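The structure appears below as structure tokens.
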Amino acid sequence: MECNDLFLRALEETYDDEFEDYMSSLEERYGCEHIFGTKHNKEMAKLIKRQRRPYFKLISSTGRRAACIIIAFIVMSASALSVKAIREAIFDFITNIFSDHNVVTTESETDIGYPTTIEEEYFISELPDGFEEMDKEKTDNSIDISYFRNDEYVFFTQYTKAAYEQTYDNERSEFNEYTDSDGEQYMVITNKSGITYIWDNGRYIFEITSNLDKEYTLKLCKSTKVKS
Amino acid sequence: MKRILAILLSFVMSLGMGISAYALPEEETPIDIEFVDEYSYTDKISSDMSISNNTATCKSVVRGDTSLATKIVITQTLQKKNGNSWTNVTSWSKTFNTWYAMYSNSKSSLNSGTYRLKTVAKVYSGNNYETITVYSRTASC
């Protein structure tokens with residue numbers, strides 16, 4: 001600190017001397033004394049006065065502070081553009097969470113080895129007596145079947161992994177995960193209408209939705225087999 | 001100072017443009033929903049389409065809340081990619097007077113190109129309804 005002060009003093013003295021010499025040489029050369037204008041002197045006085053104020057350092061960095069705030073705002077805005085939804089992984093499933101719905105899909109990098117079309121059709125082997133098939137719709141990628149027994153229902157869905165993408169309400173529904181005693185992993189969606197189990201058997205993605213109790217619905221999941 | 005600020009702003013804006021460019025394809029074929037209302041009556045919706053032998057098979061499934069949904073109107077539109085936009089090829093519509101709906105259609109003799117299925121579901125609860133739109137993944141022929 002002391003060295004710094006000494007240096008500044010020395011610099012000031014040197015400059016003052018050199019300045020005086022230079023000004024004297026000018027006077028000698030041109031035979032007149034240089035006088036700074038009133039406006040210039042006022043501006044200089046103003047600058048010096050400003051510099052002596054205790055909060056000068058704070059003011060002098062205002063531009064930089066403003067620049068930092070603007071940049072931070074732009075970076076945050078740019079980041080917001082790229083974030084569409086919160087992504088959450090449950091087992092092999094990716095859930096894109098929006099304000100009122102979730103889009104459940106699979107990780108595209110893990111499709112290798114999975115059929116790209118429905119090559120073999122599965123069925124629920126332990127569907128309770130009395131349930132009747134009401135609807136069956138299919139594409140090369142998926143099959144949807146509904147079964148009804150009066151007010152009771154079972155919806156069975158089989159999808160290829162690459163085509164699997166379903167949208168669920170998330171305001172009235174609860175999303176959980178469950179691993180059964182055999183190690184099978186399920187995404188579980190529960191709401192007022194019933195329960196949905198979603199799982200990947202290594203070939204296809206399946207869903208069973210029912211208003212039967214959750215243990216019985218799980219039993220239906222475990223009973224799915226390939227049609228012979 | 002101004003120069004530094006200008007350089008920094010240019011850099012950040014360039015970065016932002018890069019991010020926007022990444023987001024654009026998702027907007028072309030949204031995996032999510034263009035929704036007008038909230039999911040008040042709808043539990044689940046899906047839109048699936050496959051193409052084989054120049055024939056598109058289209059399937060839409062909608063399930064409403066069993067105690068709230070009373071009627072579902074599904075409109076399917078097969079769309080073909082045309083540059084950066086999508087043009088409608090054909091449409092089908094059907095009303096289901098119940099809380100769930102499964103609806104399938106097919107369109108043959110497709111020209112080569114990339115297609116998707118747009119499913120628009122109006123899910124009613126009495127006189128009130130919500131409109132939900134979902135798109136299938138794309139398929140080509």
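Chain lettering (A, B, ...) mirrors the order of the structure tokens, residue numbering begins at 1 for each chain separately, and ligand numbering begins at 1 in order of display.
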
Could you please tell me, as a compact mmCIF listing (two decimals) with N, CA and C atoms, in the first residue's frame, which residues of chain B have an atom within 6 Å of chain A when using only C-alpha atoms?
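Final output, out_2.txt:
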```txt
# COMPACT_ATOMS: atom_id res chain seq x y z
N GLY B 16 -28.53 -18.18 -28.01
CA GLY B 16 -29.99 -18.30 -27.95
C GLY B 16 -30.58 -18.79 -29.24
N ILE B 19 -30.14 -22.48 -29.61
CA ILE B 19 -31.10 -23.23 -28.80
C ILE B 19 -32.46 -23.24 -29.48
N TYR B 39 -57.01 -30.46 -18.51
CA TYR B 39 -57.47 -31.86 -18.52
C TYR B 39 -58.49 -32.06 -17.38
N ASP B 43 -58.77 -38.44 -19.05
CA ASP B 43 -57.76 -39.20 -18.31
C ASP B 43 -56.56 -39.52 -19.20
N LYS B 44 -56.86 -39.92 -20.44
CA LYS B 44 -55.78 -40.39 -21.32
C LYS B 44 -56.14 -40.15 -22.77
N ILE B 45 -55.14 -39.87 -23.59
CA ILE B 45 -55.37 -39.73 -25.02
C ILE B 45 -54.12 -40.20 -25.77
N SER B 46 -54.35 -40.85 -26.92
CA SER B 46 -53.20 -41.26 -27.74
C SER B 46 -53.57 -41.20 -29.22
N SER B 50 -49.63 -46.07 -38.54
CA SER B 50 -48.58 -46.86 -39.19
C SER B 50 -48.86 -46.87 -40.69
N THR B 57 -52.75 -46.63 -41.48
CA THR B 57 -53.77 -47.06 -40.53
C THR B 57 -53.69 -46.12 -39.33
N ASP B 65 -62.78 -39.19 -17.69
CA ASP B 65 -63.06 -39.54 -16.30
C ASP B 65 -64.44 -40.24 -16.30
N THR B 66 -64.50 -41.43 -15.72
CA THR B 66 -65.74 -42.22 -15.81
C THR B 66 -66.95 -41.49 -15.20
```

- Task: Write out as number ranges by chain the residues lying within 6 Å of region 86-100 of chain B, counting only C-alpha atoms and excluding same-chain residues fewer than 6 positions away.
- Result: B: 62-64, 66, 69-80

- Item | Contact residues around region 177-182 of chain A with only C-alpha atoms at 12 Å, ignoring same-chain residues under 2 positions, as a VMD selection string | chain A and resid 88 to 93 174 to 175 184 to 190 196 to 199 214 to 215 218 to 219 221 to 222

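Note that the spacing between CA of Arg50 (chain A) and CA of Met23 (chain A) amounts to 26.8 Å.
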
- Task: Figure out the distance between CA of Tyr15 (chain A) and CA of Lys49 (chain A), please, to one decimal in Å.
- Result: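 So the answer is 20.9 Å.
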
- Residues of region 29-216 of chain A in helix (DSSP H, G or I) according to DSSP, as an MDAnalysis selection string? chainID A and resid 29:30 38:52 56:60 62:82 108:110 214:216

Please produce a file of the residues just selected, as a short mmCIF file (atom, residue, chain, number, x, y, z; two decimals), in the first residue's frame, where the atoms kept are N, CA and C atoms.
```cif
data_model
loop_
_atom_site.label_atom_id
_atom_site.label_comp_id
_atom_site.auth_asym_id
_atom_site.auth_seq_id
_atom_site.Cartn_x
_atom_site.Cartn_y
_atom_site.Cartn_z
N ARG A 29 7.66 28.92 -27.79
CA ARG A 29 7.60 28.72 -29.25
C ARG A 29 6.57 29.66 -29.88
N TYR A 30 5.42 29.75 -29.28
CA TYR A 30 4.35 30.53 -29.91
C TYR A 30 4.16 31.93 -29.30
N THR A 38 -13.38 28.02 -20.36
CA THR A 38 -14.21 27.92 -19.15
C THR A 38 -14.99 26.61 -19.12
N LYS A 39 -15.50 26.25 -20.32
CA LYS A 39 -16.29 25.02 -20.40
C LYS A 39 -15.43 23.80 -20.03
N HIS A 40 -14.19 23.81 -20.56
CA HIS A 40 -13.28 22.69 -20.29
C HIS A 40 -12.97 22.62 -18.80
N ASN A 41 -12.68 23.77 -18.21
CA ASN A 41 -12.35 23.79 -16.79
C ASN A 41 -13.52 23.32 -15.92
N LYS A 42 -14.73 23.73 -16.35
CA LYS A 42 -15.91 23.31 -15.60
C LYS A 42 -16.07 21.79 -15.65
N GLU A 43 -15.88 21.26 -16.86
CA GLU A 43 -16.01 19.81 -17.06
C GLU A 43 -14.98 19.05 -16.23
N MET A 44 -13.75 19.59 -16.25
CA MET A 44 -12.67 18.95 -15.49
C MET A 44 -12.98 18.99 -13.99
N ALA A 45 -13.46 20.14 -13.54
CA ALA A 45 -13.78 20.29 -12.12
C ALA A 45 -14.89 19.33 -11.72
N LYS A 46 -15.83 19.20 -12.66
CA LYS A 46 -16.94 18.30 -12.39
C LYS A 46 -16.46 16.85 -12.27
N LEU A 47 -15.56 16.49 -13.20
CA LEU A 47 -15.02 15.12 -13.19
C LEU A 47 -14.26 14.83 -11.91
N ILE A 48 -13.42 15.80 -11.52
CA ILE A 48 -12.62 15.62 -10.30
C ILE A 48 -13.52 15.52 -9.07
N LYS A 49 -14.57 16.34 -9.09
CA LYS A 49 -15.50 16.35 -7.96
C LYS A 49 -16.22 14.99 -7.86
N ARG A 50 -16.62 14.51 -9.02
CA ARG A 50 -17.32 13.22 -9.06
C ARG A 50 -16.41 12.10 -8.54
N GLN A 51 -15.15 12.18 -8.96
CA GLN A 51 -14.20 11.14 -8.60
C GLN A 51 -13.92 11.10 -7.10
N ARG A 52 -14.10 12.26 -6.46
CA ARG A 52 -13.81 12.34 -5.03
C ARG A 52 -14.97 11.85 -4.17
N PHE A 56 -18.19 6.94 -5.80
CA PHE A 56 -17.77 6.99 -7.21
C PHE A 56 -17.55 5.59 -7.80
N LYS A 57 -16.91 4.71 -7.00
CA LYS A 57 -16.61 3.37 -7.50
C LYS A 57 -17.89 2.61 -7.86
N LEU A 58 -18.88 2.86 -7.03
CA LEU A 58 -20.18 2.19 -7.26
C LEU A 58 -20.81 2.68 -8.56
N ILE A 59 -20.76 4.04 -8.76
CA ILE A 59 -21.35 4.64 -9.95
C ILE A 59 -20.59 4.23 -11.21
N SER A 60 -19.24 4.24 -11.08
CA SER A 60 -18.42 3.95 -12.26
C SER A 60 -18.64 2.53 -12.78
N THR A 62 -21.65 1.03 -12.75
CA THR A 62 -23.08 0.87 -13.06
C THR A 62 -23.29 0.22 -14.42
N GLY A 63 -22.52 0.72 -15.41
CA GLY A 63 -22.64 0.18 -16.77
C GLY A 63 -22.38 -1.31 -16.80
N ARG A 64 -21.31 -1.70 -16.11
CA ARG A 64 -20.95 -3.12 -16.10
C ARG A 64 -22.02 -3.94 -15.38
N ARG A 65 -22.53 -3.36 -14.28
CA ARG A 65 -23.59 -4.07 -13.54
C ARG A 65 -24.83 -4.26 -14.41
N ALA A 66 -25.19 -3.18 -15.11
CA ALA A 66 -26.36 -3.25 -15.99
C ALA A 66 -26.14 -4.30 -17.08
N ALA A 67 -24.90 -4.31 -17.62
CA ALA A 67 -24.58 -5.29 -18.66
C ALA A 67 -24.72 -6.71 -18.13
N CYS A 68 -24.23 -6.94 -16.90
CA CYS A 68 -24.32 -8.27 -16.29
C CYS A 68 -25.78 -8.68 -16.13
N ILE A 69 -26.62 -7.75 -15.66
CA ILE A 69 -28.04 -8.06 -15.45
C ILE A 69 -28.70 -8.39 -16.79
N ILE A 70 -28.40 -7.58 -17.82
CA ILE A 70 -28.99 -7.82 -19.14
C ILE A 70 -28.57 -9.19 -19.68
N ILE A 71 -27.27 -9.49 -19.53
CA ILE A 71 -26.75 -10.78 -20.03
C ILE A 71 -27.41 -11.94 -19.28
N ALA A 72 -27.49 -11.78 -17.95
CA ALA A 72 -28.11 -12.85 -17.15
C ALA A 72 -29.55 -13.06 -17.59
N PHE A 73 -30.26 -11.96 -17.86
CA PHE A 73 -31.65 -12.05 -18.30
C PHE A 73 -31.75 -12.77 -19.65
N ILE A 74 -30.85 -12.39 -20.58
CA ILE A 74 -30.88 -13.01 -21.92
C ILE A 74 -30.55 -14.50 -21.83
N VAL A 75 -29.53 -14.82 -21.01
CA VAL A 75 -29.15 -16.24 -20.86
C VAL A 75 -30.32 -17.03 -20.28
N MET A 76 -30.98 -16.45 -19.28
CA MET A 76 -32.11 -17.15 -18.67
C MET A 76 -33.25 -17.32 -19.66
N SER A 77 -33.50 -16.28 -20.47
CA SER A 77 -34.55 -16.36 -21.48
C SER A 77 -34.21 -17.42 -22.51
N ALA A 78 -32.95 -17.44 -22.93
CA ALA A 78 -32.52 -18.44 -23.92
C ALA A 78 -32.66 -19.84 -23.36
N SER A 79 -32.31 -20.00 -22.08
CA SER A 79 -32.44 -21.31 -21.44
C SER A 79 -33.89 -21.72 -21.39
N ALA A 80 -34.77 -20.76 -21.09
CA ALA A 80 -36.20 -21.07 -20.99
C ALA A 80 -36.74 -21.60 -22.31
N LEU A 81 -36.16 -21.13 -23.44
CA LEU A 81 -36.61 -21.60 -24.76
C LEU A 81 -36.38 -23.09 -24.93
N SER A 82 -35.28 -23.56 -24.37
CA SER A 82 -34.92 -24.96 -24.59
C SER A 82 -35.62 -25.91 -23.63
N SER A 108 -35.51 -43.44 -26.61
CA SER A 108 -35.34 -43.93 -27.98
C SER A 108 -34.06 -44.74 -28.18
N GLU A 109 -33.03 -44.47 -27.37
CA GLU A 109 -31.76 -45.19 -27.55
C GLU A 109 -31.86 -46.65 -27.13
N THR A 110 -32.93 -47.01 -26.44
CA THR A 110 -33.02 -48.38 -25.93
C THR A 110 -33.96 -49.25 -26.76
N LYS A 214 -56.56 -53.05 -7.15
CA LYS A 214 -55.19 -52.95 -7.71
C LYS A 214 -54.46 -54.29 -7.71
N GLU A 215 -54.72 -55.13 -6.69
CA GLU A 215 -54.05 -56.44 -6.63
C GLU A 215 -54.54 -57.31 -7.79
N TYR A 216 -55.84 -57.26 -8.03
CA TYR A 216 -56.39 -58.09 -9.11
C TYR A 216 -55.91 -57.58 -10.48
#
```

- Going by DSSP on the backbone, which bits of region 37-223 of chain A are strand (DSSP E or B)? Write them as a ChimeraX atom specification, please. /A:86-90,93-97,101-106,122-124,132-138,142-149,152-159,165-169,174-179,185-191,194-200,205-210

Okay, now the selection with C-alpha atoms, as a compact mmCIF listing (two decimals), in the first residue's frame?
```txt
# COMPACT_ATOMS: atom_id res chain seq x y z
CA ILE A 86 -39.62 -31.45 -16.79
CA ARG A 87 -38.35 -34.87 -17.76
CA GLU A 88 -38.49 -37.65 -15.25
CA ALA A 89 -37.36 -41.23 -15.75
CA ILE A 90 -39.31 -44.05 -14.15
CA PHE A 93 -40.07 -44.73 -19.19
CA ILE A 94 -39.59 -41.03 -19.70
CA THR A 95 -42.29 -38.75 -18.41
CA ASN A 96 -42.48 -35.23 -19.80
CA ILE A 97 -44.33 -33.33 -17.13
CA HIS A 101 -50.71 -33.56 -18.34
CA ASN A 102 -47.82 -36.01 -18.57
CA VAL A 103 -46.54 -37.48 -21.81
CA VAL A 104 -45.19 -40.95 -21.13
CA THR A 105 -42.76 -42.34 -23.67
CA THR A 106 -39.67 -44.54 -23.86
CA TYR A 122 -50.47 -60.90 -26.37
CA PHE A 123 -53.63 -61.52 -24.37
CA ILE A 124 -54.76 -61.53 -20.73
CA GLU A 132 -66.59 -59.44 -22.92
CA GLU A 133 -64.46 -57.84 -25.58
CA MET A 134 -66.19 -54.62 -26.65
CA ASP A 135 -63.64 -52.87 -28.88
CA LYS A 136 -60.45 -53.87 -30.58
CA GLU A 137 -58.45 -51.43 -32.74
CA LYS A 138 -54.98 -51.98 -34.12
CA SER A 142 -50.20 -51.11 -31.41
CA ILE A 143 -53.33 -52.91 -30.28
CA ASP A 144 -56.03 -51.53 -27.97
CA ILE A 145 -58.75 -53.77 -26.57
CA SER A 146 -61.56 -53.01 -24.11
CA TYR A 147 -63.40 -55.61 -22.01
CA PHE A 148 -66.53 -54.91 -20.01
CA ARG A 149 -68.60 -56.75 -17.39
CA GLU A 152 -66.38 -53.11 -14.57
CA TYR A 153 -63.82 -52.64 -17.30
CA VAL A 154 -60.35 -53.67 -18.40
CA PHE A 155 -58.39 -51.84 -21.12
CA PHE A 156 -55.45 -53.75 -22.55
CA THR A 157 -52.82 -52.02 -24.71
CA GLN A 158 -49.80 -53.49 -26.47
CA TYR A 159 -47.34 -51.13 -28.18
CA GLU A 165 -46.36 -42.42 -26.48
CA GLN A 166 -49.38 -41.77 -24.27
CA THR A 167 -50.72 -38.63 -22.68
CA TYR A 168 -52.25 -38.71 -19.21
CA ASP A 169 -53.93 -36.14 -17.05
CA GLU A 174 -51.05 -39.89 -9.23
CA PHE A 175 -47.90 -41.37 -10.80
CA ASN A 176 -45.85 -43.97 -8.95
CA GLU A 177 -43.51 -46.87 -9.56
CA TYR A 178 -43.78 -50.41 -8.33
CA THR A 179 -41.57 -53.50 -8.54
CA GLN A 185 -41.08 -52.89 -12.87
CA TYR A 186 -44.30 -50.96 -13.40
CA MET A 187 -45.27 -47.35 -13.77
CA VAL A 188 -48.53 -47.01 -11.86
CA ILE A 189 -51.13 -44.31 -12.51
CA THR A 190 -53.99 -44.04 -10.06
CA ASN A 191 -57.06 -41.85 -10.33
CA GLY A 194 -59.18 -46.78 -11.77
CA ILE A 195 -55.57 -47.94 -11.90
CA THR A 196 -53.14 -48.26 -14.81
CA TYR A 197 -50.04 -50.43 -14.87
CA ILE A 198 -47.47 -49.81 -17.61
CA TRP A 199 -44.55 -52.15 -18.14
CA ASP A 200 -41.93 -53.29 -20.63
CA ILE A 205 -44.79 -51.98 -23.89
CA PHE A 206 -48.04 -52.97 -22.18
CA GLU A 207 -50.75 -51.14 -20.32
CA ILE A 208 -53.66 -52.48 -18.36
CA THR A 209 -56.22 -50.06 -16.95
CA SER A 210 -59.08 -51.30 -14.81
```
